[in-house]
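The next block is model28.tsv, given as TSV, C-alpha atoms.
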```tsv
chain	number	residue	atom	x	y	z
A	1	MET	CA	19.62	0.54	-49.34
A	2	ARG	CA	16.77	2.99	-49.58
A	3	ARG	CA	17.18	6.03	-51.76
A	4	SER	CA	17.44	9.18	-49.72
A	5	PRO	CA	14.88	11.96	-50.35
A	6	LEU	CA	17.72	14.23	-51.47
A	7	ARG	CA	18.76	11.85	-54.20
A	8	SER	CA	15.17	11.69	-55.33
A	9	ILE	CA	15.22	15.44	-55.74
A	10	ILE	CA	18.36	15.23	-57.88
A	11	ALA	CA	16.90	12.52	-60.07
A	12	ARG	CA	13.76	14.53	-60.71
A	13	SER	CA	15.80	17.60	-61.65
A	14	LEU	CA	17.84	15.72	-64.24
A	15	PHE	CA	14.69	14.26	-65.74
A	16	SER	CA	13.08	17.68	-66.05
A	17	ARG	CA	16.05	19.07	-68.02
A	18	SER	CA	15.24	16.85	-71.00
A	19	LEU	CA	11.70	18.15	-71.21
A	20	PHE	CA	12.00	21.90	-70.91
A	21	SER	CA	13.74	24.72	-72.64
A	22	ARG	CA	17.40	25.62	-72.60
A	23	SER	CA	16.85	28.30	-69.99
A	24	LEU	CA	15.16	25.79	-67.82
A	25	ALA	CA	18.16	23.56	-68.30
A	26	TRP	CA	20.28	26.21	-66.65
A	27	SER	CA	17.85	26.31	-63.78
A	28	SER	CA	17.90	22.58	-63.50
A	29	GLY	CA	21.65	22.61	-63.54
A	30	ALA	CA	21.63	25.09	-60.71
A	31	MET	CA	19.23	22.91	-58.78
A	32	VAL	CA	21.52	19.92	-59.25
A	33	LEU	CA	24.47	21.92	-58.06
A	34	GLY	CA	22.53	23.23	-55.09
A	35	ALA	CA	21.23	19.84	-54.20
A	36	THR	CA	24.72	18.37	-54.46
A	37	LEU	CA	26.09	21.07	-52.21
A	38	LEU	CA	23.21	20.56	-49.81
A	39	GLY	CA	23.85	16.83	-49.91
A	40	GLY	CA	27.36	17.46	-48.80
A	41	CYS	CA	26.08	19.14	-45.65
A	42	ARG	CA	23.96	16.38	-44.23
A	43	PRO	CA	24.44	12.69	-43.59
A	44	THR	CA	23.01	10.13	-45.94
A	45	TYR	CA	21.23	7.28	-44.22
A	46	ASP	CA	22.97	3.99	-44.81
A	47	GLY	CA	21.58	1.73	-42.11
A	48	VAL	CA	21.79	1.47	-38.33
A	49	GLN	CA	24.20	-0.12	-35.95
A	50	ILE	CA	22.38	-1.91	-33.12
A	51	ARG	CA	24.03	-2.96	-29.92
A	52	PHE	CA	22.33	-5.00	-27.20
A	53	LEU	CA	23.42	-3.76	-23.79
A	54	PHE	CA	22.07	-6.77	-21.88
A	55	ASP	CA	21.92	-10.40	-22.88
A	56	LYS	CA	18.15	-10.72	-23.20
A	57	GLY	CA	18.01	-10.04	-26.92
A	58	GLN	CA	20.17	-10.76	-29.92
A	59	ARG	CA	20.72	-9.95	-33.53
A	60	ALA	CA	19.68	-12.55	-36.04
A	61	PRO	CA	20.18	-12.47	-39.80
A	62	GLY	CA	18.04	-9.62	-41.06
A	63	ARG	CA	16.26	-9.01	-37.79
A	64	ILE	CA	16.55	-8.57	-34.06
A	65	GLU	CA	15.15	-10.99	-31.51
A	66	VAL	CA	14.03	-10.85	-27.92
A	67	ALA	CA	12.42	-13.53	-25.77
A	68	GLU	CA	8.79	-13.13	-24.78
A	69	GLY	CA	8.30	-11.41	-21.48
A	70	GLN	CA	11.86	-10.15	-21.38
A	71	ALA	CA	13.37	-6.80	-22.16
A	72	ASP	CA	16.72	-5.52	-23.29
A	73	ILE	CA	18.29	-2.17	-23.91
A	74	ILE	CA	19.42	-1.53	-27.46
A	75	GLU	CA	21.58	1.30	-28.62
A	76	VAL	CA	20.77	2.44	-32.13
A	77	ARG	CA	23.35	4.41	-34.11
A	78	PRO	CA	22.47	5.55	-37.62
A	79	LEU	CA	25.21	5.18	-40.21
A	80	SER	CA	25.85	7.67	-42.98
A	81	SER	CA	27.23	6.87	-46.42
A	82	ASN	CA	28.17	10.48	-46.84
A	83	PRO	CA	31.94	10.50	-46.29
A	84	TYR	CA	31.88	14.14	-45.29
A	85	GLU	CA	28.99	14.18	-42.86
A	86	ASP	CA	28.05	11.72	-40.15
A	87	TYR	CA	25.06	11.65	-37.85
A	88	GLU	CA	25.45	13.65	-34.67
A	89	ASP	CA	23.94	13.33	-31.21
A	90	PHE	CA	21.37	15.98	-32.04
A	91	ASP	CA	19.96	13.82	-34.83
A	92	LEU	CA	16.98	12.29	-33.11
A	93	VAL	CA	16.54	8.58	-33.64
A	94	ASP	CA	13.23	7.02	-32.81
A	95	LEU	CA	11.83	3.52	-33.08
A	96	GLU	CA	8.17	2.66	-33.47
A	97	SER	CA	6.64	-0.79	-33.31
A	98	PHE	CA	3.96	-1.70	-35.81
A	99	ASN	CA	2.50	-4.09	-33.26
A	100	GLU	CA	2.99	-3.28	-29.59
A	101	ASN	CA	1.35	-6.56	-28.66
A	102	THR	CA	4.32	-8.32	-30.19
A	103	VAL	CA	7.25	-6.00	-29.64
A	104	PHE	CA	7.32	-3.28	-27.06
A	105	VAL	CA	9.76	-0.49	-27.80
A	106	ALA	CA	10.21	2.79	-25.98
A	107	PRO	CA	13.04	5.27	-25.57
A	108	ALA	CA	15.28	4.97	-22.53
A	109	PRO	CA	16.63	8.05	-20.76
A	110	GLU	CA	19.97	7.83	-22.56
A	111	ASN	CA	20.13	9.23	-26.06
A	112	ASN	CA	19.80	6.62	-28.83
A	113	GLN	CA	18.91	3.89	-26.32
A	114	PHE	CA	15.64	2.01	-26.34
A	115	VAL	CA	13.95	-0.65	-24.27
A	116	LEU	CA	12.98	-3.55	-26.47
A	117	GLY	CA	10.51	-5.97	-24.92
A	118	GLY	CA	8.89	-9.20	-25.99
A	119	ALA	CA	5.18	-8.63	-25.40
A	120	GLY	CA	4.01	-11.67	-27.36
A	121	VAL	CA	5.44	-14.34	-29.63
A	122	GLY	CA	5.57	-13.32	-33.26
A	123	THR	CA	7.24	-11.05	-35.75
A	124	THR	CA	6.59	-7.43	-36.47
A	125	VAL	CA	8.38	-4.45	-37.96
A	126	LEU	CA	10.06	-1.53	-36.28
A	127	ARG	CA	10.03	1.79	-38.07
A	128	ILE	CA	13.30	3.68	-37.79
A	129	MET	CA	12.78	7.42	-37.71
A	130	ILE	CA	15.49	10.05	-37.85
A	131	ASN	CA	14.50	13.60	-37.09
A	132	GLY	CA	10.88	12.63	-37.60
A	133	ASP	CA	11.34	11.00	-40.99
A	134	GLU	CA	11.00	7.28	-41.52
A	135	VAL	CA	14.27	6.14	-43.04
A	136	ASP	CA	14.11	2.38	-42.67
A	137	THR	CA	12.33	-0.59	-41.21
A	138	LEU	CA	13.65	-3.47	-39.19
A	139	ASP	CA	12.16	-6.90	-38.65
A	140	ALA	CA	11.80	-7.82	-34.97
A	141	THR	CA	10.88	-11.24	-33.67
A	142	VAL	CA	9.75	-12.31	-30.22
A	143	VAL	CA	10.73	-15.90	-29.57
A	144	GLU	CA	9.07	-18.24	-27.14
A	145	GLN	CA	10.55	-18.44	-23.69
A	146	VAL	CA	11.39	-21.90	-22.55
A	147	SER	CA	10.05	-22.18	-19.03
A	148	PRO	CA	12.39	-23.73	-16.49
B	1	MET	CA	-10.13	-10.47	10.98
B	2	SER	CA	-6.67	-9.13	10.54
B	3	LEU	CA	-3.75	-11.35	11.21
B	4	GLY	CA	-1.25	-10.08	13.72
B	5	GLY	CA	1.86	-11.24	11.91
B	6	CYS	CA	0.97	-9.51	8.68
B	7	ALA	CA	-1.30	-6.68	9.60
B	8	SER	CA	1.58	-4.42	10.48
B	9	THR	CA	3.49	-5.01	7.28
B	10	CYS	CA	1.22	-6.01	4.45
B	11	GLY	CA	0.58	-3.06	2.26
B	12	ASP	CA	3.70	-1.36	3.51
B	13	THR	CA	7.03	-1.31	1.81
B	14	SER	CA	8.69	-4.44	3.04
B	15	ASP	CA	12.32	-3.63	2.43
B	16	PRO	CA	14.67	-1.20	0.78
B	17	GLY	CA	13.79	-2.70	-2.56
B	18	ALA	CA	15.81	-3.69	-5.57
B	19	ILE	CA	17.75	-1.31	-7.77
B	20	GLY	CA	16.46	-1.33	-11.34
B	21	GLU	CA	18.62	-2.62	-14.16
B	22	LEU	CA	19.11	0.89	-15.50
B	23	GLY	CA	20.10	2.10	-12.05
B	24	ASN	CA	17.71	5.03	-11.96
B	25	GLY	CA	15.73	3.96	-8.91
B	26	ARG	CA	14.55	1.12	-6.74
B	27	PHE	CA	11.61	-1.21	-7.10
B	28	LEU	CA	9.62	-1.60	-3.91
B	29	TYR	CA	7.69	-4.76	-3.24
B	30	GLN	CA	4.31	-4.66	-1.56
B	31	CYS	CA	2.18	-7.47	-0.25
B	32	THR	CA	-1.43	-7.49	-1.33
B	33	SER	CA	-2.27	-10.68	0.50
B	34	ASP	CA	-1.99	-11.73	4.13
B	35	SER	CA	-0.41	-14.97	2.94
B	36	ASP	CA	2.49	-13.43	1.05
B	37	PRO	CA	5.73	-14.95	2.40
B	38	VAL	CA	7.45	-11.59	2.08
B	39	CYS	CA	5.13	-10.38	4.83
B	40	GLU	CA	5.55	-13.50	6.91
B	41	PHE	CA	7.29	-11.75	9.75
B	42	SER	CA	6.15	-8.72	11.63
B	43	ASP	CA	9.35	-6.87	10.78
B	44	PRO	CA	9.92	-5.98	7.13
B	45	GLY	CA	11.76	-8.68	5.25
B	46	PRO	CA	15.42	-8.11	4.64
B	47	GLU	CA	15.34	-8.34	0.89
B	48	PHE	CA	13.29	-7.94	-2.22
B	49	PRO	CA	11.94	-11.39	-3.14
B	50	GLU	CA	14.26	-13.46	-5.29
B	51	CYS	CA	11.37	-14.92	-7.22
B	52	ILE	CA	7.61	-14.86	-7.48
B	53	ALA	CA	5.25	-17.76	-6.91
B	54	LEU	CA	3.13	-18.83	-9.85
B	55	GLY	CA	-0.34	-17.51	-9.10
B	56	GLY	CA	1.13	-15.10	-6.61
B	57	GLN	CA	-0.39	-11.65	-6.24
B	58	PHE	CA	1.62	-8.61	-5.27
B	59	ASP	CA	2.29	-5.01	-6.11
B	60	LEU	CA	5.36	-3.10	-7.17
B	61	GLU	CA	6.18	0.52	-6.69
B	62	TYR	CA	9.14	2.52	-7.80
B	63	GLU	CA	11.19	5.24	-6.25
B	64	LEU	CA	13.57	7.39	-8.27
B	65	LEU	CA	17.02	7.63	-6.73
B	66	ASP	CA	17.58	11.12	-8.04
B	67	PRO	CA	14.71	12.72	-9.97
B	68	ASP	CA	16.95	15.68	-10.83
B	69	ALA	CA	19.33	13.41	-12.71
B	70	LEU	CA	16.73	12.60	-15.30
B	71	ASP	CA	16.93	14.13	-18.73
B	72	SER	CA	15.66	17.68	-18.66
B	73	ASP	CA	13.15	17.09	-21.43
B	74	LEU	CA	11.21	14.71	-19.23
B	75	ALA	CA	8.29	16.10	-17.31
B	76	LEU	CA	9.23	18.26	-14.34
B	77	ASP	CA	6.89	16.35	-12.09
B	78	PRO	CA	6.93	12.94	-13.73
B	79	VAL	CA	4.01	10.59	-13.37
B	80	ILE	CA	5.59	7.19	-13.32
B	81	TYR	CA	3.95	3.81	-13.28
B	82	VAL	CA	4.93	0.18	-13.34
B	83	GLU	CA	3.99	-1.85	-16.39
B	84	SER	CA	4.39	-5.52	-17.18
B	85	ILE	CA	6.11	-6.18	-20.49
B	86	SER	CA	3.93	-9.23	-21.13
B	87	GLN	CA	0.50	-9.91	-19.71
B	88	ASP	CA	1.20	-13.58	-20.42
B	89	PHE	CA	3.60	-13.60	-17.48
B	90	PHE	CA	2.49	-10.83	-15.14
B	91	ARG	CA	-1.14	-9.95	-15.50
B	92	GLY	CA	-2.61	-6.72	-14.23
B	93	THR	CA	-1.99	-3.01	-14.27
B	94	ASP	CA	-2.35	-2.08	-10.62
B	95	ASP	CA	-1.76	-5.21	-8.60
B	96	PHE	CA	-0.04	-8.00	-10.47
B	97	GLU	CA	-0.48	-11.74	-10.68
B	98	ALA	CA	2.14	-14.18	-11.93
B	99	VAL	CA	0.36	-16.37	-14.44
B	100	ARG	CA	3.15	-18.32	-16.09
B	101	THR	CA	6.54	-19.67	-15.05
B	102	GLY	CA	9.64	-18.10	-16.54
B	103	GLU	CA	11.39	-14.79	-16.37
B	104	ALA	CA	9.64	-11.57	-17.24
B	105	ALA	CA	10.23	-7.88	-17.01
B	106	PHE	CA	8.54	-4.86	-15.54
B	107	VAL	CA	9.29	-1.43	-16.88
B	108	ILE	CA	8.87	1.98	-15.33
B	109	ARG	CA	7.07	4.30	-17.72
B	110	GLU	CA	7.04	8.04	-17.72
B	111	SER	CA	5.03	9.21	-20.68
B	112	GLU	CA	6.61	7.44	-23.67
B	113	HIS	CA	9.93	6.93	-21.90
B	114	VAL	CA	11.07	3.90	-19.96
B	115	LEU	CA	13.06	4.95	-16.92
B	116	ASP	CA	14.01	1.56	-15.59
B	117	LEU	CA	13.27	-2.13	-15.71
B	118	ILE	CA	13.59	-5.29	-13.67
B	119	HIS	CA	13.29	-8.98	-14.46
B	120	LEU	CA	11.60	-11.34	-12.01
B	121	THR	CA	11.59	-15.11	-12.06
B	122	ILE	CA	8.30	-16.93	-11.65
B	123	LEU	CA	8.41	-20.38	-10.07
B	124	GLU	CA	5.66	-22.87	-9.37
B	125	PRO	CA	5.60	-23.54	-5.61
B	126	ASP	CA	6.57	-27.06	-4.62
B	127	ASP	CA	5.35	-26.80	-1.04
B	128	PHE	CA	3.40	-24.60	1.30
B	129	ASP	CA	3.10	-24.01	5.02
B	130	ILE	CA	-0.01	-23.41	7.04
B	131	PHE	CA	0.75	-21.04	9.88
B	132	THR	CA	-1.21	-20.36	13.01
B	133	ARG	CA	-1.12	-16.86	14.35
B	134	ASP	CA	0.05	-15.56	17.64
B	135	PRO	CA	2.36	-17.38	17.85
B	136	ALA	CA	3.04	-17.89	14.15
B	137	GLU	CA	3.94	-21.52	13.78
B	138	PRO	CA	3.44	-24.15	11.12
B	139	THR	CA	0.67	-26.52	12.03
B	140	GLN	CA	-1.00	-29.71	10.92
B	141	ALA	CA	-3.48	-30.04	13.75
B	142	VAL	CA	-5.53	-27.59	15.70
B	143	THR	CA	-7.99	-27.60	18.54
B	144	ILE	CA	-10.78	-25.05	18.60
B	145	SER	CA	-13.64	-24.37	20.96
B	146	VAL	CA	-17.16	-24.60	19.63
B	147	GLY	CA	-18.19	-21.27	18.14
B	148	ASP	CA	-14.64	-19.99	17.74
B	149	THR	CA	-12.99	-19.08	14.46
B	150	GLN	CA	-9.31	-19.50	13.73
B	151	SER	CA	-7.43	-17.98	10.85
B	152	PHE	CA	-4.30	-19.32	9.25
B	153	ARG	CA	-1.91	-17.89	6.74
B	154	VAL	CA	-0.85	-20.20	3.95
B	155	PHE	CA	2.60	-19.43	2.59
B	156	PRO	CA	3.77	-20.83	-0.76
B	157	ARG	CA	7.32	-22.22	-0.76
B	158	HIS	CA	9.85	-23.29	-3.32
B	159	SER	CA	12.87	-25.42	-2.52
B	160	ALA	CA	15.09	-23.42	-4.90
B	161	CYS	CA	14.03	-19.99	-3.71
B	162	ASP	CA	14.33	-18.87	-0.12
B	163	GLN	CA	12.74	-15.49	-0.74
B	164	LEU	CA	9.55	-16.34	-2.56
B	165	GLY	CA	7.05	-13.55	-3.09
B	166	GLY	CA	3.35	-13.47	-3.91
B	167	GLY	CA	0.27	-14.48	-2.00
B	168	ILE	CA	-1.81	-17.21	-3.57
B	169	PRO	CA	-5.52	-17.57	-2.84
B	170	ILE	CA	-6.29	-20.96	-1.36
B	171	THR	CA	-9.31	-23.18	-1.31
B	172	ALA	CA	-10.37	-25.35	1.59
B	173	ASN	CA	-13.03	-27.87	2.42
B	174	SER	CA	-13.95	-29.84	5.47
B	175	SER	CA	-14.68	-33.54	5.81
B	176	ASP	CA	-17.53	-32.68	8.16
B	177	THR	CA	-18.99	-29.19	8.06
B	178	ALA	CA	-21.11	-29.97	11.13
B	179	ILE	CA	-17.84	-30.01	13.07
B	180	ALA	CA	-15.71	-27.49	11.20
B	181	SER	CA	-16.59	-25.21	8.33
B	182	THR	CA	-14.00	-23.47	6.21
B	183	SER	CA	-13.46	-20.56	3.90
B	184	GLY	CA	-10.50	-19.82	1.67
B	185	GLY	CA	-9.06	-16.85	-0.13
B	186	ASP	CA	-6.15	-14.86	1.23
B	187	VAL	CA	-6.29	-16.78	4.48
B	188	LEU	CA	-7.76	-20.04	5.69
B	189	ARG	CA	-10.56	-19.64	8.19
B	190	ILE	CA	-11.95	-22.52	10.19
B	191	VAL	CA	-15.11	-22.13	12.21
B	192	ALA	CA	-15.73	-24.69	14.93
B	193	GLN	CA	-19.36	-25.76	14.61
B	194	GLY	CA	-19.70	-28.77	16.84
B	195	GLU	CA	-17.76	-31.24	18.93
B	196	GLY	CA	-15.71	-33.85	17.14
B	197	THR	CA	-12.82	-34.22	14.75
B	198	ALA	CA	-12.75	-33.27	11.10
B	199	THR	CA	-10.13	-33.08	8.41
B	200	VAL	CA	-9.70	-29.88	6.46
B	201	ARG	CA	-8.18	-30.13	3.03
B	202	VAL	CA	-6.27	-27.02	1.97
B	203	GLN	CA	-5.36	-26.54	-1.67
B	204	LEU	CA	-2.83	-24.07	-3.00
B	205	GLY	CA	-2.67	-24.42	-6.73
B	206	ALA	CA	-1.99	-28.08	-7.45
B	207	LEU	CA	-0.68	-28.70	-3.94
B	208	GLU	CA	-2.76	-29.84	-1.01
B	209	LYS	CA	-2.38	-30.52	2.68
B	210	MET	CA	-4.60	-31.72	5.46
B	211	ILE	CA	-5.23	-30.25	8.86
B	212	THR	CA	-6.81	-32.24	11.63
B	213	VAL	CA	-9.33	-30.08	13.44
B	214	THR	CA	-10.53	-31.09	16.87
B	215	VAL	CA	-13.49	-29.17	18.16
B	216	VAL	CA	-14.11	-29.22	21.89
B	217	ASP	CA	-16.94	-27.90	23.94
B	218	GLY	CA	-15.31	-25.59	26.41
B	219	PRO	CA	-12.09	-23.72	26.94
B	220	ILE	CA	-8.82	-24.89	25.46
B	221	GLU	CA	-5.78	-25.18	27.64
B	222	PRO	CA	-2.67	-23.61	26.15
B	223	PRO	CA	0.61	-25.49	26.06
B	224	PRO	CA	2.49	-25.33	29.37
B	225	ASP	CA	5.12	-22.91	28.06
B	226	THR	CA	2.62	-20.43	26.70
B	227	THR	CA	2.16	-17.22	28.62
B	228	THR	CA	-0.79	-14.93	28.52
B	229	ASP	CA	-0.63	-11.73	26.54
B	230	ALA	CA	1.28	-8.84	28.01
B	231	GLY	CA	-1.02	-6.36	29.62
B	232	SER	CA	-3.53	-8.95	30.73
B	233	ASP	CA	-5.12	-8.00	33.98
B	234	SER	CA	-5.49	-11.57	35.10
B	235	GLY	CA	-2.87	-11.15	37.71
B	236	THR	CA	-1.37	-14.52	36.90
B	237	SER	CA	0.56	-15.82	34.01
B	238	GLY	CA	-0.36	-19.01	32.28
B	239	GLU	CA	2.53	-21.03	33.62
B	240	THR	CA	1.54	-20.52	37.25
B	241	ASP	CA	-1.45	-22.72	37.03
B	242	PRO	CA	-2.26	-24.40	33.75
B	243	GLY	CA	-5.63	-25.37	35.03
B	244	THR	CA	-6.77	-21.82	35.42
B	245	THR	CA	-5.48	-19.99	32.40
B	246	GLY	CA	-6.81	-16.45	32.38
B	247	GLU	CA	-8.91	-16.42	29.24
B	248	THR	CA	-10.49	-19.84	29.70
B	249	ASP	CA	-12.28	-19.30	32.92
B	250	PRO	CA	-12.80	-15.74	34.01
B	251	GLY	CA	-14.39	-16.87	37.18
B	252	THR	CA	-11.14	-18.16	38.58
B	253	THR	CA	-8.76	-15.64	37.15
B	254	GLY	CA	-6.40	-14.20	39.67
B	255	GLU	CA	-7.82	-16.19	42.54
B	256	THR	CA	-6.10	-19.48	42.05
B	257	ASP	CA	-2.67	-18.60	43.29
B	258	PRO	CA	-2.73	-17.28	46.84
B	259	GLY	CA	0.85	-16.15	46.50
B	260	THR	CA	-0.04	-13.68	43.80
B	261	THR	CA	-1.52	-10.39	44.70
B	262	GLY	CA	-4.93	-10.13	43.20
B	263	GLY	CA	-5.27	-7.53	40.50
B	264	SER	CA	-1.56	-6.93	40.02
B	265	THR	CA	-0.14	-7.12	36.54
B	266	THR	CA	2.80	-9.36	35.98
B	267	GLY	CA	3.15	-9.07	32.25
B	268	GLY	CA	3.01	-5.35	31.83
B	269	ASN	CA	6.13	-4.19	33.59
```

As structure tokens:
Amino acid sequence: MRRSPLRSIIARSLFSRSLFSRSLAWSSGAMVLGATLLGGCRPTYDGVQIRFLFDKGQRAPGRIEVAEGQADIIEVRPLSSNPYEDYEDFDLVDLESFNENTVFVAPAPENNQFVLGGAGVGTTVLRIMINGDEVDTLDATVVEQVSP
Amino acid sequence: MSLGGCASTCGDTSDPGAIGELGNGRFLYQCTSDSDPVCEFSDPGPEFPECIALGGQFDLEYELLDPDALDSDLALDPVIYVESISQDFFRGTDDFEAVRTGEAAFVIRESEHVLDLIHLTILEPDDFDIFTRDPAEPTQAVTISVGDTQSFRVFPRHSACDQLGGGIPITANSSDTAIASTSGGDVLRIVAQGEGTATVRVQLGALEKMITVTVVDGPIEPPPDTTTDAGSDSGTSGETDPGTTGETDPGTTGETDPGTTGGSTTGGN
């Protein structure tokens, strides 16, 4: 699991307390408290749940697959490890293909749904963005289509 | 030369189309070739093609069922276009050509969004028909007068697909170009050069067929059950006197049957 930016802020604050004066330690403590409170108000990314709506693609261990030339609709739901705050519909999920000549991906009209297409045989990576921030990557493979 | 059977439909929407897999609109099929089986009949075909012929050329358009139902953050006046998911299967951006057998998708794009999609199956034709025009009938032999040109549509077929789409350019060559010369492309054209009999080889992809071409010097008599075109001013129909069919000998038109009033029109009313 990737470390969230918020946790990175907390870690830096704790580190700074050992280097500066006692008064700064109070400030750092306040920052930790503030960051913890802030952390309680927003979801913490803990992966995505992907559902194929058609039967053209499939999940494989550690990656998703689609046959070349074909397209499927995937629904992508981000998961939060924050027990007090989950992702909501207004949290914008976006997918971006590193190589559009291998995997085509574009948002569908429905929220959190994407068209995943096999443009060419191979493997590439999809960037998962939430509210404009890259939170994860996902391997995507286009497998050869066996002609009838 | 335009072909009567296709001229009225090719380039027009051939049928109500096929609803996209996301249900937001319908895909409309368009013929780009006179020899597309979807445009075989003068009336629009009843259905969107079930499959596309390998090598077949065609066009797709898309019509939103309810533009107002789209998400409000999409453009108010969306510019939508059809895009092939893989150029390895359907090549092209305007008209498309099926270049590999299998199943492949088209998507409807509007900016970065995909509004709909459809999968089409590409099959390699296992047969083809050569059709005369007016009347449109399959043929393996033809008789042409010296100097005349006849055009034929060449429809790809597949035994597992009744509704095959896509026109495939053909090639043709003649066993004796002094008797009959040929040209291929969307349609087969045979030009009668001189009296005699020649064999024309027509190739559609890996398939080929032969047509026997007989070139005669002089008018050709139509089959006994063939009538002249409606609106002809010959005054007689073809069945009244096969020996004096209107278009073959203008000098005798309308004068061969004393029982028919000269100059009257029998086919127009």

Which residue of A:Tyr45, A:Glu100, A:Glu65, A:Leu53 approaches Met129 of chain A most closely, using all atoms listed in the file: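 Result for the nearest residue to Met129 of chain A: A:Tyr45.
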
Point (-8.8, -17.5, 21.2), cut-off 10 Å, counting only C-alpha atoms, residues as a list in words: Asp134, Ile144, Ser145, Asp148, Thr149, Gln150, Pro219, Ile220, Pro222, Glu247 and Thr248 of chain B

Contacts of Cys51 of chain B at 12 Å (only C-alpha atoms; same-chain gap of 6+ positions) as a VMD selection string: chain B and resid 29 37 to 38 58 98 101 to 104 118 to 125 156 to 166

Atomic distance atom CA of Thr141 of chain A - atom CA of Ile128 of chain A, expressed in Å with one decimal: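 Separating atom CA of Thr141 of chain A from atom CA of Ile128 of chain A is a distance of 15.7 Å.
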
The centre and edge lengths of an axis-aligned box containing all atoms of segment 35-40 of chain B present in the file, extended by 4 Å on each side, are to be given in Å to one decimal, as AutoDock Vina command-line options.
```
--center_x 3.5 --center_y -12.7 --center_z 4.0 --size_x 15.9 --size_y 12.6 --size_z 13.9
```

Among listed residues B:Leu65, B:Cys31, B:Ile170, B:Ile108, nearest chain A (using only C-alpha atoms):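 When distances to chain A are compared using only C-alpha atoms, the smallest one comes from B:Ile108.
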
Coordinates-based distance that separates atom CA of Gln70 of chain A from atom CA of Ser84 of chain B (Å, one decimal): 9.7 Å

Val125 of chain A surroundings by only C-alpha atoms, 8 Å radius, close-in-sequence under 3 positions cut, as a list in words: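 Neighbouring residues, sequence-local ones excluded: Ser97, Phe98, Asn99, Thr137, Leu138, Asp139 and Ala140 of chain A.
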